[in-house]
$ cat protein.cif   # mmCIF, C-alpha atoms
data_data
#
loop_
_atom_site.label_atom_id
_atom_site.label_comp_id
_atom_site.auth_asym_id
_atom_site.auth_seq_id
_atom_site.Cartn_x
_atom_site.Cartn_y
_atom_site.Cartn_z
CA MET A 20 86.64 115.13 93.81
CA LYS A 21 85.62 111.75 95.12
CA PHE A 22 87.68 110.22 97.91
CA THR A 23 89.02 107.20 96.02
CA HIS A 24 90.21 109.39 93.18
CA LEU A 25 91.90 111.80 95.56
CA LEU A 26 93.69 108.98 97.34
CA THR A 27 94.97 107.60 94.05
CA LEU A 28 96.56 110.94 93.26
CA LEU A 29 98.12 111.11 96.69
CA PHE A 30 99.36 107.54 96.52
CA LEU A 31 101.02 108.06 93.14
CA ALA A 32 102.17 111.66 93.30
CA ILE A 33 103.22 112.39 96.87
CA PRO A 34 106.19 110.76 98.58
CA PRO A 35 105.20 109.14 101.87
CA ALA A 36 105.17 111.82 104.54
CA ALA A 37 107.42 111.61 107.54
CA ILE A 38 104.94 110.77 110.28
CA ALA A 39 105.91 111.44 113.86
CA GLN A 40 106.13 108.41 116.12
CA GLU A 41 103.20 108.46 118.51
CA PRO A 42 103.37 107.36 122.14
CA GLY A 43 104.17 103.70 122.48
CA GLY A 44 105.92 103.57 119.09
CA GLY A 45 109.18 102.09 120.36
CA GLY A 46 111.04 99.12 118.98
CA GLY A 47 110.10 95.46 119.12
CA PRO A 48 107.02 93.63 117.88
CA ALA A 49 103.95 95.79 118.30
CA VAL A 50 102.07 93.07 120.15
CA ASN A 51 104.78 93.10 122.82
CA ARG A 52 104.52 96.84 123.46
CA SER A 53 100.75 96.95 123.65
CA VAL A 54 97.80 95.14 125.22
CA PHE A 55 94.68 93.56 123.78
CA ALA A 56 92.35 95.40 126.19
CA THR A 57 92.26 97.65 129.23
CA ASP A 58 89.64 98.33 131.86
CA ALA A 59 88.34 101.12 129.63
CA ILE A 60 88.87 99.79 126.08
CA ILE A 61 87.44 96.34 125.36
CA GLY A 62 88.96 96.06 121.90
CA VAL A 63 90.02 97.69 118.64
CA THR A 64 88.99 96.76 115.09
CA ALA A 65 91.14 97.81 112.12
CA VAL A 66 89.14 98.60 108.98
CA THR A 67 90.72 98.20 105.55
CA ARG A 68 89.66 99.51 102.19
CA VAL A 69 90.88 98.64 98.69
CA PHE A 70 92.07 101.43 96.41
CA GLY A 71 93.52 101.55 92.91
CA ARG A 72 96.64 99.51 93.63
CA SER A 73 96.67 98.91 97.35
CA GLN A 74 94.73 97.91 100.43
CA ASN A 75 94.93 100.45 103.26
CA VAL A 76 93.83 100.65 106.87
CA THR A 77 91.48 103.64 106.84
CA ALA A 78 89.67 103.51 110.19
CA ALA A 79 89.66 102.15 113.72
CA ILE A 80 86.58 101.16 115.67
CA VAL A 81 87.33 101.39 119.40
CA GLU A 82 84.94 99.67 121.79
CA PHE A 83 84.66 100.92 125.37
CA ALA A 84 83.37 99.17 128.46
CA ALA A 85 80.93 101.99 129.26
CA PRO A 86 79.00 104.50 127.10
CA LEU A 87 80.76 107.76 126.33
CA ALA A 88 79.28 111.24 125.92
CA ALA A 89 79.39 112.19 122.25
CA ALA A 90 79.60 115.97 122.68
CA THR A 91 83.02 116.09 124.31
CA LEU A 92 85.04 114.01 121.86
CA SER A 93 87.78 115.40 119.61
CA PRO A 94 90.51 113.72 117.51
CA ASP A 95 93.06 114.93 120.06
CA SER A 96 91.51 112.59 122.60
CA PHE A 97 93.32 109.71 120.87
CA ALA A 98 96.65 108.85 119.33
CA VAL A 99 97.36 106.00 116.92
CA ASP A 100 100.93 104.89 116.37
CA ASP A 101 102.33 106.18 113.05
CA ARG A 102 98.93 107.43 111.88
CA ARG A 103 97.09 110.71 111.47
CA ILE A 104 93.58 110.87 112.86
CA LEU A 105 91.28 112.83 110.55
CA SER A 106 88.13 112.65 112.63
CA ALA A 107 86.66 111.00 115.71
CA ARG A 108 83.13 110.51 116.93
CA VAL A 109 81.23 108.48 119.50
CA ALA A 110 78.58 106.14 118.09
CA ALA A 111 75.99 103.76 119.49
CA THR A 112 76.93 101.00 117.00
CA PRO A 113 80.23 99.78 115.49
CA ASP A 114 79.33 101.11 112.05
CA LEU A 115 81.52 103.45 110.00
CA ASP A 116 78.41 105.34 108.91
CA ALA A 117 76.77 105.51 112.35
CA PRO A 118 75.86 109.07 113.38
CA ALA A 119 77.40 110.72 116.40
CA ALA A 120 75.56 109.70 119.56
CA ASP A 121 76.29 108.61 123.10
CA GLY A 122 77.55 105.05 122.99
CA ARG A 123 80.32 102.55 123.59
CA PHE A 124 82.05 102.93 120.24
CA VAL A 125 84.46 105.51 118.87
CA ILE A 126 84.99 105.69 115.11
CA LEU A 127 88.44 107.03 114.21
CA THR A 128 88.92 107.97 110.55
CA LEU A 129 92.59 107.66 109.60
CA ASP A 130 94.51 109.31 106.79
CA PRO A 131 94.78 106.77 103.92
CA ALA A 132 97.80 108.64 102.57
CA ASP A 133 99.86 107.71 105.64
CA GLU A 134 102.82 105.54 104.73
CA ALA A 135 101.82 103.13 107.49
CA SER A 136 98.27 102.78 106.14
CA VAL A 137 99.27 100.41 103.32
CA VAL A 138 99.02 96.73 104.18
CA PHE A 139 98.94 95.21 100.68
CA ALA A 140 100.56 96.66 97.56
CA PRO A 141 103.26 95.68 95.06
CA GLY A 142 106.14 94.42 97.19
CA MET A 143 104.22 94.75 100.47
CA ASP A 144 102.11 92.30 102.42
CA GLU A 145 101.50 93.22 106.06
CA ALA A 146 98.93 92.31 108.68
CA PRO A 147 96.48 95.19 109.32
CA GLN A 148 97.66 96.61 112.63
CA LEU A 149 96.80 99.61 114.79
CA ILE A 150 97.84 100.65 118.29
CA VAL A 151 95.36 103.08 119.82
CA HIS A 152 96.08 105.26 122.85
CA LEU A 153 93.58 107.15 124.97
CA ALA A 154 95.43 110.50 125.07
CA ALA A 155 92.95 112.61 127.03
CA PRO A 156 90.18 112.07 129.59
CA LEU A 157 86.73 111.24 128.16
CA ALA A 158 83.36 112.10 129.65
CA LEU A 159 81.09 109.14 130.34
CA ALA A 160 77.49 109.36 129.20
CA GLY A 161 76.25 108.55 132.68
CA GLY A 162 78.50 111.05 134.38
CA GLY A 163 82.09 110.85 135.46
CA VAL A 164 85.32 110.84 133.53
CA LEU A 165 87.40 108.10 131.95
CA ALA A 166 91.07 108.80 132.66
CA ALA A 167 93.69 108.89 129.90
CA THR A 168 96.27 106.13 129.74
CA GLU A 169 99.58 105.70 128.01
CA THR A 170 98.99 101.99 127.42
CA GLY A 171 98.40 101.25 123.75
CA VAL A 172 95.67 98.81 122.72
CA ILE A 173 96.38 96.78 119.58
CA ASN A 174 93.58 95.69 117.29
CA THR A 175 92.36 92.14 117.74
CA ARG A 176 89.84 92.31 114.89
CA VAL A 177 89.99 93.28 111.22
CA THR A 178 87.17 94.26 108.89
CA ASN A 179 88.00 94.26 105.17
CA LEU A 180 85.38 96.41 103.44
CA ILE A 181 83.78 94.77 100.36
CA VAL A 182 86.48 92.06 100.29
CA GLU A 183 84.65 90.20 103.06
CA ASP A 184 81.42 90.32 101.06
CA PHE A 185 82.88 87.74 98.65
CA ARG A 186 82.68 84.00 99.22
CA GLN A 187 85.84 81.95 98.68
CA LEU A 188 85.05 78.77 96.74
CA ARG A 189 86.81 76.10 94.67
CA PHE A 190 86.01 74.74 91.23
CA ALA A 191 86.96 71.17 90.32
CA ASP A 192 87.24 71.11 86.54
CA PRO A 193 85.64 67.91 85.19
CA GLU A 194 87.82 67.86 82.06
CA THR A 195 91.30 68.55 83.42
CA GLY A 196 90.89 67.52 87.04
CA LEU A 197 92.51 70.80 88.07
CA LEU A 198 91.27 72.91 90.97
CA LEU A 199 90.67 76.65 90.72
CA ASP A 200 89.99 78.89 93.70
CA TYR A 201 87.63 81.75 93.06
CA ASN A 202 85.81 84.58 94.82
CA LEU A 203 82.10 85.09 94.27
CA TYR A 204 79.98 88.05 95.27
CA VAL A 205 76.28 87.17 95.44
CA PRO A 206 73.91 90.16 95.17
CA ALA A 207 71.33 90.75 97.85
CA GLY A 208 68.02 89.20 96.91
CA ALA A 209 69.53 86.76 94.46
CA ASP A 210 67.05 84.07 95.53
CA ALA A 211 63.98 86.21 94.84
CA GLY A 212 63.21 84.69 91.45
CA GLN A 213 65.08 87.30 89.39
CA ASP A 214 68.12 86.65 87.21
CA TYR A 215 71.17 88.87 87.62
CA PRO A 216 74.15 89.63 85.39
CA LEU A 217 77.58 88.22 86.17
CA VAL A 218 80.87 90.12 85.85
CA MET A 219 84.06 88.06 85.73
CA PHE A 220 87.27 89.91 86.60
CA LEU A 221 90.63 88.40 85.60
CA HIS A 222 93.72 89.65 87.43
CA ASP A 223 97.19 90.32 86.03
CA ALA A 224 100.37 88.34 86.64
CA GLY A 225 101.30 90.47 89.65
CA VAL A 226 99.07 88.59 92.10
CA THR A 227 99.42 85.10 90.67
CA GLY A 228 99.47 82.63 93.56
CA SER A 229 97.50 80.51 95.98
CA ASN A 230 95.93 83.14 98.26
CA PRO A 231 92.37 83.45 96.94
CA ARG A 232 91.87 86.99 98.23
CA ARG A 233 94.82 88.56 96.43
CA THR A 234 92.80 89.46 93.33
CA LEU A 235 90.35 91.34 95.57
CA GLN A 236 93.01 93.19 97.56
CA GLN A 237 95.19 94.34 94.68
CA GLY A 238 92.93 96.99 93.21
CA LEU A 239 89.46 97.97 92.08
CA GLY A 240 89.02 95.47 89.24
CA ALA A 241 86.70 93.19 91.24
CA VAL A 242 85.61 95.19 94.28
CA SER A 243 84.39 98.19 92.28
CA PHE A 244 81.59 96.08 90.80
CA ALA A 245 80.67 94.75 94.26
CA SER A 246 80.71 98.17 95.92
CA PRO A 247 77.49 99.41 97.50
CA ASN A 248 77.21 102.18 94.89
CA ASP A 249 77.58 99.83 91.94
CA GLN A 250 75.29 97.21 93.43
CA ALA A 251 72.62 99.86 94.02
CA ARG A 252 72.73 100.74 90.30
CA HIS A 253 73.55 97.31 88.88
CA PRO A 254 72.89 94.34 91.19
CA SER A 255 75.11 91.56 89.90
CA PHE A 256 77.20 88.53 90.66
CA VAL A 257 80.93 89.26 90.62
CA LEU A 258 83.34 86.41 89.89
CA ALA A 259 87.06 86.85 90.60
CA PRO A 260 89.14 83.69 90.05
CA GLN A 261 92.55 83.42 91.70
CA PHE A 262 95.02 81.82 89.33
CA PRO A 263 98.00 79.74 90.53
CA VAL A 264 99.94 80.37 87.29
CA PRO A 265 100.12 83.28 84.83
CA LEU A 266 97.13 83.38 82.49
CA ALA A 267 98.69 84.64 79.26
CA ASN A 268 101.99 85.67 77.71
CA ASP A 269 103.25 88.01 75.00
CA ALA A 270 103.34 85.12 72.53
CA SER A 271 99.51 85.19 72.67
CA GLN A 272 99.29 81.89 74.49
CA THR A 273 97.02 81.14 77.44
CA SER A 274 97.35 78.67 80.27
CA VAL A 275 95.01 75.70 80.71
CA TYR A 276 93.13 77.63 83.41
CA VAL A 277 91.75 80.10 80.88
CA GLU A 278 89.87 77.39 78.99
CA MET A 279 88.43 76.18 82.31
CA LEU A 280 86.60 79.48 82.80
CA PRO A 281 83.63 78.82 80.48
CA ARG A 282 83.00 75.59 82.37
CA LEU A 283 83.17 77.44 85.69
CA ILE A 284 80.71 80.03 84.38
CA GLU A 285 78.38 77.27 83.19
CA GLN A 286 78.44 75.65 86.62
CA LEU A 287 77.68 78.98 88.32
CA ALA A 288 74.87 79.74 85.86
CA THR A 289 73.35 76.37 86.71
CA GLU A 290 73.63 76.89 90.46
CA HIS A 291 72.64 80.56 90.70
CA ALA A 292 70.10 83.00 89.27
CA ILE A 293 72.45 84.28 86.56
CA ASP A 294 71.17 85.92 83.39
CA ARG A 295 72.97 84.06 80.60
CA ALA A 296 72.33 86.98 78.26
CA ARG A 297 74.28 89.34 80.53
CA ILE A 298 77.59 87.63 81.30
CA TYR A 299 80.55 89.99 81.11
CA THR A 300 84.32 89.67 81.28
CA THR A 301 86.91 92.25 82.24
CA GLY A 302 90.58 92.09 83.12
CA GLN A 303 93.84 93.96 83.36
CA SER A 304 97.07 93.12 81.54
CA GLY A 305 97.13 89.29 81.36
CA GLY A 306 93.51 89.29 82.42
CA CYS A 307 92.66 91.57 79.50
CA MET A 308 94.61 89.31 77.14
CA SER A 309 92.76 86.26 78.49
CA SER A 310 89.43 88.02 78.03
CA ILE A 311 90.31 88.62 74.38
CA ALA A 312 91.33 84.97 73.93
CA LEU A 313 88.04 83.82 75.46
CA ASN A 314 86.06 86.10 73.15
CA VAL A 315 87.89 84.68 70.14
CA ALA A 316 87.30 81.07 71.23
CA HIS A 317 83.74 81.60 72.54
CA PRO A 318 82.23 84.49 70.57
CA ASP A 319 78.73 83.86 71.93
CA LEU A 320 79.60 83.69 75.64
CA PHE A 321 79.96 87.33 76.72
CA ALA A 322 77.49 90.16 76.29
CA GLY A 323 80.22 92.74 76.85
CA THR A 324 83.95 92.98 77.49
CA LEU A 325 86.00 95.66 79.24
CA CYS A 326 89.72 95.26 78.57
CA VAL A 327 92.36 97.26 80.42
CA ALA A 328 96.06 97.51 79.51
CA GLY A 329 96.35 94.50 77.22
CA GLN A 330 96.99 93.34 73.69
CA TRP A 331 96.85 90.14 71.62
CA GLU A 332 97.90 88.75 68.26
CA PRO A 333 95.87 91.02 65.94
CA SER A 334 95.49 88.47 63.16
CA VAL A 335 93.19 86.24 65.24
CA THR A 336 90.96 88.97 66.67
CA ALA A 337 88.45 89.35 63.81
CA PRO A 338 85.71 87.58 65.87
CA LEU A 339 85.72 90.63 68.15
CA ALA A 340 84.36 92.79 65.33
CA GLY A 341 80.80 91.94 66.30
CA ALA A 342 81.35 92.03 70.06
CA ASN A 343 80.47 94.78 72.53
CA PHE A 344 84.01 95.69 73.44
CA TRP A 345 85.60 98.60 75.34
CA ALA A 346 89.39 98.84 75.56
CA VAL A 347 91.31 101.23 77.81
CA VAL A 348 95.08 101.66 77.47
CA SER A 349 97.61 104.33 78.28
CA GLU A 350 99.53 106.02 75.51
CA ASP A 351 102.59 105.52 77.74
CA ASP A 352 102.15 101.73 77.59
CA SER A 353 104.81 100.53 75.14
CA LYS A 354 103.02 97.22 74.45
CA ALA A 355 99.31 97.66 75.08
CA PHE A 356 98.96 100.96 73.20
CA PRO A 357 100.39 99.80 69.86
CA GLY A 358 99.03 96.29 70.39
CA MET A 359 95.44 97.41 70.95
CA THR A 360 95.75 99.95 68.14
CA ALA A 361 96.63 97.08 65.79
CA ILE A 362 93.60 95.11 67.01
CA MET A 363 91.35 98.09 66.27
CA GLU A 364 92.65 98.16 62.70
CA VAL A 365 91.69 94.50 62.27
CA LEU A 366 88.24 95.07 63.77
CA GLU A 367 87.64 98.09 61.57
CA ALA A 368 88.60 96.07 58.50
CA ASN A 369 85.96 93.54 59.59
CA ASP A 370 83.18 96.15 59.78
CA ALA A 371 83.25 96.87 63.51
CA ARG A 372 81.70 100.22 64.40
CA ILE A 373 84.51 101.84 66.40
CA THR A 374 84.61 105.09 68.38
CA ARG A 375 87.94 106.38 69.61
CA GLY A 376 88.55 108.89 72.37
CA SER A 377 91.03 110.00 75.00
CA LEU A 378 90.80 110.62 78.74
CA ASP A 379 92.95 112.46 81.24
CA ALA A 380 93.50 109.90 84.00
CA ARG A 381 94.00 112.64 86.59
CA ALA A 382 90.93 114.69 85.68
CA THR A 383 88.22 115.08 88.27
CA PRO A 384 85.54 112.37 88.36
CA GLU A 385 83.06 114.92 87.02
CA ALA A 386 85.30 115.76 84.06
CA GLN A 387 85.88 112.08 83.33
CA ALA A 388 82.16 111.37 83.43
CA GLU A 389 81.57 114.19 80.95
CA ALA A 390 84.35 112.90 78.68
CA VAL A 391 82.95 109.35 78.69
CA ALA A 392 79.46 110.71 77.99
CA ALA A 393 80.82 112.63 75.00
CA ILE A 394 82.60 109.54 73.68
CA ARG A 395 79.43 107.49 74.02
CA ALA A 396 77.32 110.17 72.38
CA GLU A 397 79.70 110.27 69.43
CA GLY A 398 79.55 106.49 69.19
CA ALA A 399 75.84 106.00 69.73
CA GLU A 400 75.84 103.33 67.01
CA SER A 401 79.22 101.84 67.91
CA ASN A 402 79.84 98.41 69.41
CA VAL A 403 83.56 98.98 69.99
CA PHE A 404 85.16 101.80 71.98
CA PHE A 405 88.89 102.47 72.17
CA THR A 406 89.91 105.02 74.79
CA THR A 407 93.44 106.02 75.68
CA PHE A 408 94.78 107.83 78.70
CA THR A 409 96.69 110.90 77.51
CA PRO A 410 100.50 110.89 77.68
CA GLY A 411 101.82 111.36 81.21
CA SER A 412 98.47 111.17 82.94
CA VAL A 413 98.97 107.71 84.48
CA LEU A 414 102.65 108.19 85.27
CA SER A 415 104.07 108.80 88.72
CA GLY A 416 104.27 112.31 90.14
CA ASP A 417 107.75 112.88 88.72
CA GLY A 418 106.62 111.84 85.24
CA SER A 419 108.73 108.70 85.33
CA ASN A 420 107.74 105.53 83.52
CA ALA A 421 109.95 103.50 85.84
CA GLY A 422 108.61 100.12 86.83
CA GLY A 423 106.27 100.08 83.87
CA ALA A 424 104.08 102.83 85.35
CA GLY A 425 102.52 103.49 81.96
CA HIS A 426 101.20 99.95 82.06
CA VAL A 427 100.47 99.01 85.68
CA ASN A 428 99.01 102.39 86.65
CA THR A 429 96.42 102.17 83.88
CA TRP A 430 94.06 100.00 85.90
CA ILE A 431 94.31 102.27 88.94
CA TYR A 432 92.33 104.81 86.96
CA ALA A 433 90.39 102.69 84.47
CA TYR A 434 88.41 100.83 87.13
CA ASP A 435 87.67 104.07 88.97
CA ILE A 436 85.45 105.43 86.17
CA PRO A 437 81.82 104.48 86.96
CA ALA A 438 80.56 105.59 83.54
CA ILE A 439 82.55 102.86 81.78
CA ARG A 440 81.29 100.25 84.21
CA ASP A 441 77.77 101.53 83.54
CA TRP A 442 78.31 100.91 79.81
CA LEU A 443 79.19 97.29 80.49
CA PHE A 444 75.90 96.61 82.25
CA GLU A 445 73.92 98.05 79.34
CA GLN A 446 75.14 95.30 77.03
CA HIS A 447 72.97 92.28 76.20
CA ARG A 448 73.59 89.23 74.09
#
$ encode --input "protein.cif" --output "structure tokens"
Amino acid sequence: MKFTHLLTLLFLAIPPAAIAQEPGGGGGPAVNRSVFATDAIIGVTAVTRVFGRSQNVTAAIVEFAAPLAAATLSPDSFAVDDRRILSARVAATPDLDAPAADGRFVILTLDPADEASVVFAPGMDEAPQLIVHLAAPLALAGGGVLAATETGVINTRVTNLIVEDFRQLRFADPETGLLLDYNLYVPAGADAGQDYPLVMFLHDAGVTGSNPRRTLQQGLGAVSFASPNDQARHPSFVLAPQFPVPLANDASQTSVYVEMLPRLIEQLATEHAIDRARIYTTGQSGGCMSSIALNVAHPDLFAGTLCVAGQWEPSVTAPLAGANFWAVVSEDDSKAFPGMTAIMEVLEANDARITRGSLDARATPEAQAEAVAAIRAEGAESNVFFTTFTPGSVLSGDGSNAGGAGHVNTWIYAYDIPAIRDWLFEQHR
């Protein structure tokens, strides 16, 4: 089972564990019970990673003043306040993937299921913070020993994996005069004379606001497409606007910012090496609804659409009948499931070639890949796919639908299925 999928299950199904307070974990602001550096430790970097519905601190990179001997290190050599250390190794470079070797850096892998690991999630917004203690003597590479110390060193740097690969920019709409902040991932080699597809991700109402990074930190909707694995298979631009107001409502109305998006895309296609025949849209909840509205209003704009946990007024959706369209909803979603089902009936009446299927959200990645492959094989001639997560599979560990779990948990799983993202990149206009 892949790591992101495993963490999702832990995050949803297991109550936060009671984690013992490590040395230095007393009261008061952490910065006042720690130091920025010691004679031995020059600094600490906290590393965050985005998961299905949260951003977590998953590692610490500890820099030492002198090279350490790699062979003698164990996780017990360190303690991190309120965190479990899964592994520790000495490295020559401050790289999470650096092999074990004598060097000045120690890579601490931390348990992402720790309660204290979450820094951004629904109802939570915290600064990434770690306090690292040297709990046992360490052997120096050149001989000698570095003594343990009870003084905790707080991180003075933060690395946000994938999130920091996006540029934060602002679009001035020539028609409305409104400003729209957006995030743009530019693929490596984009200036080499080749055109690349563009994926636009539209967030839901939960992160509406003025912080342009919120749409990246909330979940996998944008960052999955910009991940190293996806970029290796499908180099692409990834556009993630940050909206200051909700995009859509249940009356099937959109805000003025939705109609600005085609003009933003046109500007980007003029400025960058973007393949106009491979522009895609995807979104969750209100972002899904906005993607549908854009397809209805601009039927020739998108080569493919991936909609997650949304619905729209069925009577206006006939233009989608000829689109390359994949919808994912949960059968526990009291609005999106019947709403998208009604849309499928309209599309079918307008000669869309539709393939339906179901997925177990908690199945292993291998099982999900096989299920998606079977759905695609059945619908080899289809342009529309409608997949539902089976009852209970997106709900919390106790089976409760409290807090709209049947709706909001849908995108935790939907954007963690590479085979569906692969389908999107196969579409051309």
$ residues_near_point --input "protein.cif" --point "(84.4, 97.3, 116.4)" --cutoff "6 Å" --atoms "all atoms listed in the file" --output "PyMOL selection string"
chain A and resi 64+80-82+113
$ atom_distance --input "protein.cif" --atom1 "CA of Gly196 (chain A)" --atom2 "CA of Ser310 (chain A)"
22.4 Å
$ residues_around --input "protein.cif" --residues "Ala49 (chain A)" --least-positions-apart "6" --cutoff "12 Å" --atoms "all atoms listed in the file" --output "list in words"
Gly43, Phe55, Asp100, Asp101, Ala146, Pro147, Gln148, Leu149, Ile150, Val151, Gly171, Val172, Ile173 and Asn174 of chain A
$ residues_around --input "protein.cif" --residues "Tyr434 (chain A)" --least-positions-apart "3" --cutoff "8 Å" --atoms "all atoms listed in the file" --output "ChimeraX atom specification"
/A:71,239-240,243,430-431,437,440
$ closest_residue --input "protein.cif" --among "A:Pro318, A:Gly329, A:Gly228, A:Pro410" --to "Ala267 (chain A)" --atoms "only C-alpha atoms"
A:Gly329
$ resolve_selection --input "protein.cif" --expression "the PyMOL selection byres ((chain A and resi 343) around 12)" --output "PyMOL selection string"
chain A and resi 297-301+311+314+318-326+338-342+344-346+366+371-374+400-405+442-448
